[in-house]
file start23.cif (mmCIF, C-alpha atoms)
data_run
#
loop_
_atom_site.label_atom_id
_atom_site.label_comp_id
_atom_site.auth_asym_id
_atom_site.auth_seq_id
_atom_site.Cartn_x
_atom_site.Cartn_y
_atom_site.Cartn_z
CA MET Q 1469 28.09 41.88 2.40
CA SER Q 1470 27.96 38.40 0.90
CA THR Q 1471 24.59 36.75 0.43
CA PRO Q 1472 24.25 33.60 2.56
CA ARG Q 1473 24.16 30.44 0.49
CA LYS Q 1474 20.81 28.70 0.43
CA ALA Q 1475 20.70 25.14 1.67
CA PRO Q 1476 19.98 22.55 -1.05
CA PRO Q 1477 16.33 21.55 -1.26
CA SER Q 1478 15.36 18.47 0.72
CA ARG Q 1479 14.58 15.27 -1.17
CA LEU Q 1480 11.84 14.55 1.34
CA GLY Q 1481 8.28 14.95 0.18
CA ARG Q 1482 9.12 15.47 -3.49
CA GLY Q 1483 7.70 12.19 -4.74
CA LEU Q 1484 9.42 9.54 -6.82
CA SER Q 1485 10.74 12.17 -9.23
CA ALA Q 1486 13.31 12.94 -6.53
CA LEU Q 1487 14.50 9.34 -6.78
CA ILE Q 1488 13.94 8.45 -10.43
CA PRO Q 1489 14.21 11.46 -12.75
CA ASP Q 1490 12.09 10.06 -15.59
CA GLY Q 1491 9.48 8.21 -13.51
CA PRO Q 1492 9.46 4.63 -12.25
CA VAL Q 1493 8.02 2.75 -15.23
CA PRO Q 1494 8.59 4.18 -18.72
CA THR Q 1495 6.26 3.53 -21.62
CA ALA Q 1496 7.44 2.09 -24.93
CA GLU Q 1497 7.72 5.67 -26.25
CA GLN Q 1498 9.94 6.74 -23.34
CA ALA Q 1499 12.43 3.87 -23.51
CA ALA Q 1500 13.60 1.29 -26.04
CA LEU Q 1501 11.59 -1.94 -25.97
CA ARG Q 1502 13.62 -5.10 -26.48
CA THR Q 1503 12.85 -8.79 -26.74
CA LEU Q 1504 15.05 -11.05 -24.61
CA PRO Q 1505 15.25 -14.80 -23.99
CA VAL Q 1506 13.53 -15.77 -20.75
CA GLU Q 1507 16.80 -17.29 -19.50
CA ALA Q 1508 18.50 -13.88 -19.75
CA LEU Q 1509 16.29 -12.63 -16.91
CA GLU Q 1510 16.31 -13.44 -13.22
CA PRO Q 1511 14.33 -12.20 -10.18
CA GLY Q 1512 15.65 -8.98 -8.73
CA PRO Q 1513 16.51 -8.49 -5.05
CA PHE Q 1514 13.79 -5.87 -4.46
CA GLN Q 1515 10.61 -7.89 -5.00
CA PRO Q 1516 7.91 -6.47 -2.68
CA ARG Q 1517 5.41 -9.26 -3.26
CA GLY Q 1518 4.98 -12.25 -0.98
CA GLY Q 1519 4.35 -15.75 -2.30
CA MET Q 1520 2.81 -16.08 -5.75
CA ASP Q 1521 -0.39 -18.10 -5.93
CA LYS Q 1522 -0.06 -21.04 -8.35
CA ALA Q 1523 -3.68 -20.83 -9.52
CA SER Q 1524 -3.36 -17.15 -10.45
CA LEU Q 1525 -0.05 -17.87 -12.23
CA ASP Q 1526 -1.76 -20.64 -14.21
CA ASP Q 1527 -4.55 -18.23 -15.18
CA LEU Q 1528 -2.01 -15.62 -16.29
CA ALA Q 1529 -0.09 -18.26 -18.26
CA ALA Q 1530 -3.29 -19.23 -20.08
CA SER Q 1531 -3.94 -15.58 -20.92
CA ILE Q 1532 -0.37 -15.14 -22.17
CA ARG Q 1533 -0.71 -18.19 -24.44
CA GLU Q 1534 -3.74 -16.58 -26.05
CA HIS Q 1535 -2.86 -12.88 -26.06
CA GLY Q 1536 0.87 -12.68 -25.34
CA ILE Q 1537 2.46 -10.34 -22.77
CA LEU Q 1538 0.59 -7.03 -23.00
CA GLN Q 1539 2.83 -5.07 -20.58
CA PRO Q 1540 6.62 -5.36 -20.92
CA ILE Q 1541 8.82 -6.45 -18.06
CA LEU Q 1542 10.98 -3.77 -16.45
CA ALA Q 1543 14.59 -4.85 -15.85
CA ARG Q 1544 18.10 -3.53 -15.33
CA PRO Q 1545 21.51 -4.97 -16.29
CA LYS Q 1546 22.74 -7.23 -13.49
CA PRO Q 1547 25.84 -5.66 -11.92
CA GLY Q 1548 28.94 -7.67 -12.86
CA ALA Q 1549 27.11 -10.10 -15.17
CA ASP Q 1550 27.07 -9.14 -18.84
CA GLY Q 1551 24.03 -10.37 -20.74
CA THR Q 1552 21.98 -11.01 -17.59
CA TYR Q 1553 19.20 -8.74 -16.38
CA GLU Q 1554 17.48 -8.39 -13.01
CA ILE Q 1555 13.71 -8.00 -13.00
CA ILE Q 1556 12.50 -4.81 -11.32
CA GLY Q 1557 8.82 -5.13 -12.19
CA GLY Q 1558 6.98 -8.02 -13.82
CA GLU Q 1559 8.40 -11.14 -12.17
CA ARG Q 1560 4.92 -12.69 -12.16
CA ARG Q 1561 4.60 -12.12 -15.92
CA TRP Q 1562 8.06 -13.64 -16.46
CA ARG Q 1563 7.18 -16.77 -14.48
CA ALA Q 1564 3.84 -17.13 -16.26
CA ALA Q 1565 5.60 -16.72 -19.63
CA GLN Q 1566 7.82 -19.66 -18.78
CA ALA Q 1567 4.79 -21.71 -17.80
CA ALA Q 1568 3.26 -20.76 -21.17
CA GLN Q 1569 6.49 -22.02 -22.80
CA LEU Q 1570 7.43 -18.68 -24.31
CA HIS Q 1571 11.09 -18.43 -25.28
CA GLU Q 1572 11.27 -14.63 -25.44
CA VAL Q 1573 9.58 -11.77 -23.59
CA PRO Q 1574 9.30 -8.00 -24.16
CA VAL Q 1575 11.54 -6.03 -21.80
CA VAL Q 1576 12.20 -2.36 -21.05
CA ILE Q 1577 15.75 -2.00 -19.73
CA ARG Q 1578 16.82 0.86 -17.51
CA ASP Q 1579 20.25 1.32 -15.95
CA LEU Q 1580 19.16 1.94 -12.34
CA GLY Q 1581 21.08 1.80 -9.10
CA ASP Q 1582 19.89 -0.22 -6.12
CA ARG Q 1583 17.91 2.64 -4.58
CA GLU Q 1584 16.15 3.57 -7.82
CA ALA Q 1585 15.48 -0.08 -8.67
CA MET Q 1586 13.85 -0.65 -5.29
CA ALA Q 1587 11.60 2.40 -5.68
CA ALA Q 1588 10.60 1.45 -9.22
CA GLY Q 1589 9.87 -2.16 -8.22
CA LEU Q 1590 7.72 -1.11 -5.30
CA VAL Q 1591 5.71 1.40 -7.32
CA GLU Q 1592 5.25 -0.94 -10.29
CA ASN Q 1593 3.79 -3.58 -8.00
CA LEU Q 1594 1.68 -1.15 -5.97
CA GLN Q 1595 0.03 0.11 -9.15
CA ARG Q 1596 -1.23 -3.41 -9.87
CA GLN Q 1597 -4.60 -4.65 -8.65
CA ASP Q 1598 -3.67 -8.14 -7.46
CA LEU Q 1599 -1.64 -7.32 -4.35
CA ASN Q 1600 -3.41 -8.23 -1.12
CA ILE Q 1601 -3.99 -5.33 1.24
CA MET Q 1602 -1.15 -6.32 3.61
CA GLU Q 1603 1.38 -6.49 0.76
CA GLU Q 1604 0.13 -3.07 -0.28
CA ALA Q 1605 0.59 -1.72 3.27
CA GLU Q 1606 4.12 -3.12 3.52
CA GLY Q 1607 5.00 -1.55 0.19
CA TYR Q 1608 3.74 1.84 1.36
CA ARG Q 1609 5.71 1.54 4.58
CA ARG Q 1610 8.95 0.75 2.76
CA LEU Q 1611 8.55 3.73 0.44
CA LEU Q 1612 7.83 6.06 3.35
CA ASP Q 1613 10.65 4.76 5.55
CA GLU Q 1614 13.37 4.21 2.96
CA PHE Q 1615 12.71 7.11 0.59
CA GLY Q 1616 11.27 9.81 2.84
CA LEU Q 1617 8.11 10.30 0.78
CA THR Q 1618 5.08 12.01 2.26
CA GLN Q 1619 1.76 10.19 2.19
CA GLU Q 1620 0.48 12.71 -0.36
CA SER Q 1621 3.40 12.27 -2.78
CA LEU Q 1622 3.25 8.50 -2.30
CA GLY Q 1623 -0.45 8.52 -3.17
CA GLN Q 1624 0.29 10.50 -6.33
CA ALA Q 1625 3.03 8.06 -7.33
CA VAL Q 1626 0.80 4.98 -7.08
CA GLY Q 1627 -2.46 6.58 -8.17
CA LYS Q 1628 -4.22 6.41 -4.79
CA SER Q 1629 -5.71 9.04 -2.49
CA ARG Q 1630 -3.79 10.11 0.58
CA SER Q 1631 -6.63 8.85 2.80
CA HIS Q 1632 -6.39 5.41 1.17
CA VAL Q 1633 -2.64 5.32 1.83
CA ALA Q 1634 -3.14 6.43 5.46
CA ASN Q 1635 -5.92 3.92 6.16
CA THR Q 1636 -3.94 1.09 4.57
CA LEU Q 1637 -0.84 1.91 6.63
CA ARG Q 1638 -2.92 1.71 9.82
CA LEU Q 1639 -3.38 -2.02 9.25
CA LEU Q 1640 0.29 -2.59 10.07
CA VAL Q 1641 -0.41 -2.02 13.78
CA LEU Q 1642 -2.45 -5.23 13.89
CA PRO Q 1643 -0.81 -8.31 15.46
CA PRO Q 1644 0.79 -10.85 13.08
CA GLU Q 1645 -1.98 -13.42 13.39
CA VAL Q 1646 -4.59 -10.87 12.32
CA ARG Q 1647 -2.44 -9.60 9.45
CA ASP Q 1648 -2.12 -13.20 8.23
CA LEU Q 1649 -5.91 -13.59 8.22
CA VAL Q 1650 -6.20 -10.43 6.13
CA ALA Q 1651 -3.39 -11.42 3.76
CA ASN Q 1652 -5.01 -14.83 3.18
CA GLY Q 1653 -8.42 -13.30 2.48
CA VAL Q 1654 -10.09 -14.73 5.59
CA LEU Q 1655 -10.79 -11.19 6.81
CA SER Q 1656 -11.45 -8.22 4.54
CA ALA Q 1657 -9.71 -4.85 4.76
CA GLY Q 1658 -12.96 -3.48 6.22
CA HIS Q 1659 -12.86 -6.06 9.02
CA ALA Q 1660 -9.21 -5.22 9.65
CA ARG Q 1661 -9.88 -1.48 9.97
CA THR Q 1662 -12.51 -2.27 12.59
CA LEU Q 1663 -9.86 -4.09 14.64
CA VAL Q 1664 -7.14 -1.42 14.46
CA THR Q 1665 -8.28 0.38 17.63
CA ALA Q 1666 -9.64 -2.70 19.45
CA ALA Q 1667 -8.12 -3.66 22.80
CA GLU Q 1668 -7.81 -7.34 21.85
CA PRO Q 1669 -7.79 -7.53 18.05
CA GLY Q 1670 -6.65 -11.15 17.93
CA ARG Q 1671 -9.52 -12.41 20.07
CA LEU Q 1672 -12.07 -10.29 18.23
CA ALA Q 1673 -10.73 -11.47 14.85
CA ALA Q 1674 -11.23 -15.08 15.92
CA GLN Q 1675 -14.83 -14.32 16.92
CA ILE Q 1676 -15.52 -12.55 13.62
CA VAL Q 1677 -14.22 -15.53 11.64
CA ALA Q 1678 -16.01 -18.13 13.78
CA ARG Q 1679 -19.35 -16.31 13.59
CA GLY Q 1680 -19.01 -15.20 9.97
CA LEU Q 1681 -19.73 -11.54 10.81
CA ASN Q 1682 -19.90 -8.87 8.15
CA VAL Q 1683 -18.12 -5.53 8.60
CA ARG Q 1684 -21.06 -3.73 10.25
CA GLN Q 1685 -21.54 -6.62 12.68
CA ALA Q 1686 -17.82 -6.61 13.41
CA GLU Q 1687 -17.99 -2.87 14.18
CA ALA Q 1688 -20.83 -3.49 16.62
CA LEU Q 1689 -18.88 -6.32 18.27
CA ALA Q 1690 -15.77 -4.15 18.66
CA ALA Q 1691 -17.85 -1.30 20.13
CA SER Q 1692 -19.54 -3.61 22.64
CA GLN Q 1693 -16.18 -5.06 23.75
CA SER Q 1694 -14.78 -1.59 24.41
CA ARG Q 1695 -17.50 -0.64 26.95
CA PRO Q 1696 -16.71 -1.22 30.64
CA LYS Q 1697 -18.60 -4.08 32.24
CA GLY Q 1698 -21.95 -2.96 33.62
CA ALA Q 1699 -21.97 0.24 31.58
CA ALA Q 1700 -25.22 0.94 29.80
CA PRO Q 1701 -24.91 1.12 26.03
CA GLU Q 1702 -25.43 4.46 24.38
CA ARG Q 1703 -28.59 5.08 22.40
CA PRO Q 1704 -28.20 3.05 19.17
CA SER Q 1705 -29.34 5.90 16.89
CA ARG Q 1706 -26.87 8.41 18.28
CA ASP Q 1707 -24.06 5.84 18.42
CA ALA Q 1708 -24.62 4.90 14.78
CA ASP Q 1709 -24.66 8.55 13.68
CA VAL Q 1710 -21.50 9.39 15.60
CA ALA Q 1711 -19.71 6.29 14.33
CA ALA Q 1712 -20.69 7.12 10.75
CA LEU Q 1713 -19.42 10.69 11.17
CA GLU Q 1714 -16.14 9.43 12.64
CA ARG Q 1715 -15.65 7.08 9.69
CA ASP Q 1716 -16.43 9.83 7.20
CA LEU Q 1717 -14.00 12.31 8.78
CA THR Q 1718 -11.31 9.64 9.14
CA GLU Q 1719 -11.63 8.79 5.44
CA ARG Q 1720 -11.57 12.44 4.37
CA LEU Q 1721 -8.61 13.50 6.52
CA GLY Q 1722 -6.62 10.26 6.51
CA LEU Q 1723 -6.29 10.62 10.31
CA ARG Q 1724 -8.03 8.77 13.12
CA ILE Q 1725 -10.95 10.89 14.40
CA SER Q 1726 -12.79 10.27 17.68
CA ILE Q 1727 -15.96 12.15 18.67
CA ARG Q 1728 -17.33 12.30 22.21
CA HIS Q 1729 -20.78 13.86 22.40
CA GLN Q 1730 -22.24 14.69 25.83
CA GLY Q 1731 -25.42 16.69 26.20
CA LYS Q 1732 -25.23 19.74 23.96
CA GLY Q 1733 -21.46 19.66 23.50
CA GLY Q 1734 -18.52 17.35 23.26
CA GLU Q 1735 -15.04 17.05 21.84
CA VAL Q 1736 -13.33 15.90 18.67
CA ALA Q 1737 -9.93 14.20 18.98
CA ILE Q 1738 -7.55 13.94 15.99
CA ARG Q 1739 -4.71 11.43 16.29
CA TYR Q 1740 -1.55 11.80 14.22
CA ARG Q 1741 1.25 9.25 13.90
CA ASP Q 1742 4.21 11.50 13.09
CA LEU Q 1743 5.26 15.09 12.41
CA ASP Q 1744 4.51 14.69 8.72
CA GLN Q 1745 0.85 14.03 9.49
CA LEU Q 1746 0.82 16.92 11.97
CA ASP Q 1747 2.27 19.31 9.39
CA GLY Q 1748 -0.39 18.25 6.91
CA LEU Q 1749 -3.12 18.81 9.47
CA VAL Q 1750 -1.81 22.29 10.34
CA ARG Q 1751 -1.74 23.24 6.64
CA LEU Q 1752 -5.30 21.96 6.22
CA LEU Q 1753 -6.63 23.89 9.23
CA SER Q 1754 -4.82 27.06 8.24
CA GLY Q 1755 -6.07 26.87 4.67
CA GLY Q 1756 -2.55 26.47 3.28
#
call {"tool": "encode", "arguments": {"input": "start23.cif", "output": "structure tokens"}}
result
Amino acid sequence: MSTPRKAPPSRLGRGLSALIPDGPVPTAEQAALRTLPVEALEPGPFQPRGGMDKASLDDLAASIREHGILQPILARPKPGADGTYEIIGGERRWRAAQAAQLHEVPVVIRDLGDREAMAAGLVENLQRQDLNIMEEAEGYRRLLDEFGLTQESLGQAVGKSRSHVANTLRLLVLPPEVRDLVANGVLSAGHARTLVTAAEPGRLAAQIVARGLNVRQAEALAASQSRPKGAAPERPSRDADVAALERDLTERLGLRISIRHQGKGGEVAIRYRDLDQLDGLVRLLSGG
């Protein structure tokens, strides 16, 4: 009797190694470092960043004048254009180098296809500290949707915890006007997380901005807006304890946790967005 052939392993959930065999951004020891004229480079088509702030570019240009470019630019040969290279990671450094009037820049060149170049560009940018939280969330979403990564493998690829990835992704459910406030720094990520489950996040965001509320005050405002008219508020001490426990469990599990305590008992509700999150929860509860 012939042995049935095993199906090939799925690429899903295997991290970026399933997409880029040697990792997204090689070090100087892993790949040849070259120096190229700035005019030999051009922006690639997979840039995950939004607009680049002129003031921050000027600051980076000043640093480059004094110290040079400390991290090489990652690029690939431009298809069909000999001698020209598309930037995968480091467009901001390239633009600042031009502002600093550098004629040449250090470059690591890798011959990547479109799919690999997109993954490498996203990860290179997500590992940086100057993305705003909405750019970070959009980058996570693209990697999950277009490459089939799990939240855990994505977190490993960008050096973040799975709960951080999950909580950041939740911000994408906010309406566009609120996301713009967060992207522009008017509201913090903490404010935004408070608004994720609010019935009218846009209206509450406007109140938070107008009144200059901190995150704790914003949480209290959102809680008061969610109570039916005429309903008596719960005891502040218990409400604060329950809310703190919900936040702690949500952060630890990376899933939205709701606790309803009545008398001596109550219930705990765990919300999951997709089957991937459900599978992770089942493994956690079963000790796998």
call {"tool": "atom_distance", "arguments": {"input": "start23.cif", "atom1": "CA of Pro1547 in chain Q", "atom2": "CA of Arg1560 in chain Q"}}
result
22.1 Å
call {"tool": "resolve_selection", "arguments": {"input": "start23.cif", "expression": "the PyMOL selection byres ((chain Q and resi 1566) around 12)", "output": "VMD selection string"}}
result
chain Q and resid 1505 to 1507 1509 to 1510 1525 to 1526 1528 to 1530 1532 to 1533 1536 to 1537 1559 to 1565 1567 to 1573
call {"tool": "atom_distance", "arguments": {"input": "start23.cif", "atom1": "CA of Arg1544 in chain Q", "atom2": "CA of Pro1513 in chain Q"}}
result
11.5 Å
call {"tool": "axis_aligned_box", "arguments": {"input": "start23.cif", "around": "range 1741-1753 of chain Q", "padding_each_side": "3 Å", "output": "AutoDock Vina command-line options"}}
result
--center_x -0.7 --center_y 16.6 --center_z 10.1 --size_x 17.9 --size_y 20.6 --size_z 13.7
call {"tool": "atom_distance", "arguments": {"input": "start23.cif", "atom1": "CA of Leu1612 in chain Q", "atom2": "CA of Gly1589 in chain Q"}}
result
14.3 Å
call {"tool": "resolve_selection", "arguments": {"input": "start23.cif", "expression": "the PyMOL selection byres ((chain Q and resi 1605) around 9)", "output": "ChimeraX atom specification"}}
result
/Q:1600-1604,1606-1610,1633,1636-1640
call {"tool": "residues_around", "arguments": {"input": "start23.cif", "residues": "Ala1508 in chain Q", "least_positions_apart": "5", "cutoff": "12 Å", "atoms": "only C-alpha atoms", "output": "ChimeraX atom specification"}}
result
/Q:1503,1543-1546,1549-1555,1562,1571-1575
call {"tool": "resolve_selection", "arguments": {"input": "start23.cif", "expression": "the PyMOL selection byres ((chain Q and resi 1713-1723) around 9)", "output": "list of chain:residue names"}}
result
Q:Arg1630, Q:Ser1631, Q:His1632, Q:Val1633, Q:Ala1634, Q:Asn1635, Q:Ala1708, Q:Asp1709, Q:Val1710, Q:Ala1711, Q:Ala1712, Q:Arg1724, Q:Ile1725, Q:Ser1726, Q:Ile1727, Q:Ile1738, Q:Arg1739, Q:Tyr1740, Q:Arg1741, Q:Gln1745, Q:Leu1749
call {"tool": "residues_around", "arguments": {"input": "start23.cif", "residues": "range 1655-1662 of chain Q", "least_positions_apart": "4", "cutoff": "10 Å", "atoms": "all atoms listed in the file", "output": "PyMOL selection string"}}
result
chain Q and resi 1600-1602+1635-1636+1638-1640+1642+1646-1651+1666+1669+1672-1674+1676-1677+1680-1691
call {"tool": "write_last_selection", "arguments": {"input": "start23.cif", "atoms": "C-alpha atoms", "output": "compact mmCIF listing (two decimals), keeping the file's coordinate frame"}}
result
# COMPACT_ATOMS: atom_id res chain seq x y z
CA ASN Q 1600 -3.41 -8.23 -1.12
CA ILE Q 1601 -3.99 -5.33 1.24
CA MET Q 1602 -1.15 -6.32 3.61
CA ASN Q 1635 -5.92 3.92 6.16
CA THR Q 1636 -3.94 1.09 4.57
CA ARG Q 1638 -2.92 1.71 9.82
CA LEU Q 1639 -3.38 -2.02 9.25
CA LEU Q 1640 0.29 -2.59 10.07
CA LEU Q 1642 -2.45 -5.23 13.89
CA VAL Q 1646 -4.59 -10.87 12.32
CA ARG Q 1647 -2.44 -9.60 9.45
CA ASP Q 1648 -2.12 -13.20 8.23
CA LEU Q 1649 -5.91 -13.59 8.22
CA VAL Q 1650 -6.20 -10.43 6.13
CA ALA Q 1651 -3.39 -11.42 3.76
CA ALA Q 1666 -9.64 -2.70 19.45
CA PRO Q 1669 -7.79 -7.53 18.05
CA LEU Q 1672 -12.07 -10.29 18.23
CA ALA Q 1673 -10.73 -11.47 14.85
CA ALA Q 1674 -11.23 -15.08 15.92
CA ILE Q 1676 -15.52 -12.55 13.62
CA VAL Q 1677 -14.22 -15.53 11.64
CA GLY Q 1680 -19.01 -15.20 9.97
CA LEU Q 1681 -19.73 -11.54 10.81
CA ASN Q 1682 -19.90 -8.87 8.15
CA VAL Q 1683 -18.12 -5.53 8.60
CA ARG Q 1684 -21.06 -3.73 10.25
CA GLN Q 1685 -21.54 -6.62 12.68
CA ALA Q 1686 -17.82 -6.61 13.41
CA GLU Q 1687 -17.99 -2.87 14.18
CA ALA Q 1688 -20.83 -3.49 16.62
CA LEU Q 1689 -18.88 -6.32 18.27
CA ALA Q 1690 -15.77 -4.15 18.66
CA ALA Q 1691 -17.85 -1.30 20.13
call {"tool": "closest_residue", "arguments": {"input": "start23.cif", "among": "Q:Val1750, Q:Pro1511, Q:Leu1743, Q:Leu1538", "to": "Gln1619 in chain Q", "atoms": "all atoms listed in the file"}}
result
Q:Leu1743
call {"tool": "closest_residue", "arguments": {"input": "start23.cif", "among": "Q:Gly1748, Q:Gly1616, Q:Gly1627, Q:Gly1512", "to": "Gly1557 in chain Q", "atoms": "all atoms listed in the file"}}
result
Q:Gly1512
call {"tool": "closest_residue", "arguments": {"input": "start23.cif", "among": "Q:Arg1578, Q:Leu1599, Q:Gly1670, Q:Leu1611", "to": "Asn1652 in chain Q", "atoms": "all atoms listed in the file"}}
result
Q:Leu1599
call {"tool": "build_atoms", "arguments": {"input": "start23.cif", "residues": "range 1672-1695 of chain Q", "atoms": "N, CA and C atoms", "output": "JSON list (two decimals), keeping the file's coordinate frame"}}
result
[["chain", "number", "residue", "atom", "x", "y", "z"],
["Q", 1672, "LEU", "N", -10.91, -10.72, 18.99],
["Q", 1672, "LEU", "CA", -12.07, -10.29, 18.23],
["Q", 1672, "LEU", "C", -12.04, -10.85, 16.80],
["Q", 1673, "ALA", "N", -10.84, -10.92, 16.20],
["Q", 1673, "ALA", "CA", -10.73, -11.47, 14.85],
["Q", 1673, "ALA", "C", -11.19, -12.93, 14.83],
["Q", 1674, "ALA", "N", -10.81, -13.68, 15.86],
["Q", 1674, "ALA", "CA", -11.23, -15.08, 15.92],
["Q", 1674, "ALA", "C", -12.75, -15.19, 16.03],
["Q", 1675, "GLN", "N", -13.36, -14.31, 16.80],
["Q", 1675, "GLN", "CA", -14.83, -14.32, 16.92],
["Q", 1675, "GLN", "C", -15.50, -13.96, 15.59],
["Q", 1676, "ILE", "N", -14.95, -12.98, 14.90],
["Q", 1676, "ILE", "CA", -15.52, -12.55, 13.62],
["Q", 1676, "ILE", "C", -15.49, -13.70, 12.62],
["Q", 1677, "VAL", "N", -14.36, -14.41, 12.58],
["Q", 1677, "VAL", "CA", -14.22, -15.53, 11.64],
["Q", 1677, "VAL", "C", -15.16, -16.66, 12.03],
["Q", 1678, "ALA", "N", -15.18, -17.01, 13.32],
["Q", 1678, "ALA", "CA", -16.01, -18.13, 13.78],
["Q", 1678, "ALA", "C", -17.50, -17.88, 13.55],
["Q", 1679, "ARG", "N", -17.92, -16.63, 13.71],
["Q", 1679, "ARG", "CA", -19.35, -16.31, 13.59],
["Q", 1679, "ARG", "C", -19.72, -15.80, 12.19],
["Q", 1680, "GLY", "N", -18.74, -15.65, 11.33],
["Q", 1680, "GLY", "CA", -19.01, -15.20, 9.97],
["Q", 1680, "GLY", "C", -19.62, -13.81, 9.91],
["Q", 1681, "LEU", "N", -19.14, -12.88, 10.73],
["Q", 1681, "LEU", "CA", -19.73, -11.54, 10.81],
["Q", 1681, "LEU", "C", -19.33, -10.69, 9.62],
["Q", 1682, "ASN", "N", -20.26, -9.85, 9.16],
["Q", 1682, "ASN", "CA", -19.90, -8.87, 8.15],
["Q", 1682, "ASN", "C", -19.26, -7.66, 8.82],
["Q", 1683, "VAL", "N", -18.88, -6.65, 8.04],
["Q", 1683, "VAL", "CA", -18.12, -5.53, 8.60],
["Q", 1683, "VAL", "C", -18.95, -4.75, 9.62],
["Q", 1684, "ARG", "N", -20.22, -4.48, 9.31],
["Q", 1684, "ARG", "CA", -21.06, -3.73, 10.25],
["Q", 1684, "ARG", "C", -21.22, -4.50, 11.56],
["Q", 1685, "GLN", "N", -21.41, -5.81, 11.47],
["Q", 1685, "GLN", "CA", -21.54, -6.62, 12.68],
["Q", 1685, "GLN", "C", -20.22, -6.64, 13.46],
["Q", 1686, "ALA", "N", -19.12, -6.64, 12.75],
["Q", 1686, "ALA", "CA", -17.82, -6.61, 13.41],
["Q", 1686, "ALA", "C", -17.61, -5.28, 14.14],
["Q", 1687, "GLU", "N", -18.07, -4.18, 13.53],
["Q", 1687, "GLU", "CA", -17.99, -2.87, 14.18],
["Q", 1687, "GLU", "C", -18.79, -2.87, 15.47],
["Q", 1688, "ALA", "N", -19.99, -3.44, 15.43],
["Q", 1688, "ALA", "CA", -20.83, -3.49, 16.62],
["Q", 1688, "ALA", "C", -20.18, -4.34, 17.70],
["Q", 1689, "LEU", "N", -19.56, -5.46, 17.30],
["Q", 1689, "LEU", "CA", -18.88, -6.32, 18.27],
["Q", 1689, "LEU", "C", -17.72, -5.58, 18.92],
["Q", 1690, "ALA", "N", -16.91, -4.89, 18.11],
["Q", 1690, "ALA", "CA", -15.77, -4.15, 18.66],
["Q", 1690, "ALA", "C", -16.23, -3.06, 19.61],
["Q", 1691, "ALA", "N", -17.33, -2.36, 19.27],
["Q", 1691, "ALA", "CA", -17.85, -1.30, 20.13],
["Q", 1691, "ALA", "C", -18.35, -1.87, 21.45],
["Q", 1692, "SER", "N", -19.02, -3.02, 21.41],
["Q", 1692, "SER", "CA", -19.54, -3.61, 22.64],
["Q", 1692, "SER", "C", -18.42, -4.10, 23.55],
["Q", 1693, "GLN", "N", -17.31, -4.57, 22.96],
["Q", 1693, "GLN", "CA", -16.18, -5.06, 23.75],
["Q", 1693, "GLN", "C", -15.43, -3.93, 24.43],
["Q", 1694, "SER", "N", -15.54, -2.72, 23.85],
["Q", 1694, "SER", "CA", -14.78, -1.59, 24.41],
["Q", 1694, "SER", "C", -15.48, -0.93, 25.59],
["Q", 1695, "ARG", "N", -16.78, -1.25, 25.82],
["Q", 1695, "ARG", "CA", -17.50, -0.64, 26.95],
["Q", 1695, "ARG", "C", -17.13, -1.34, 28.25]]
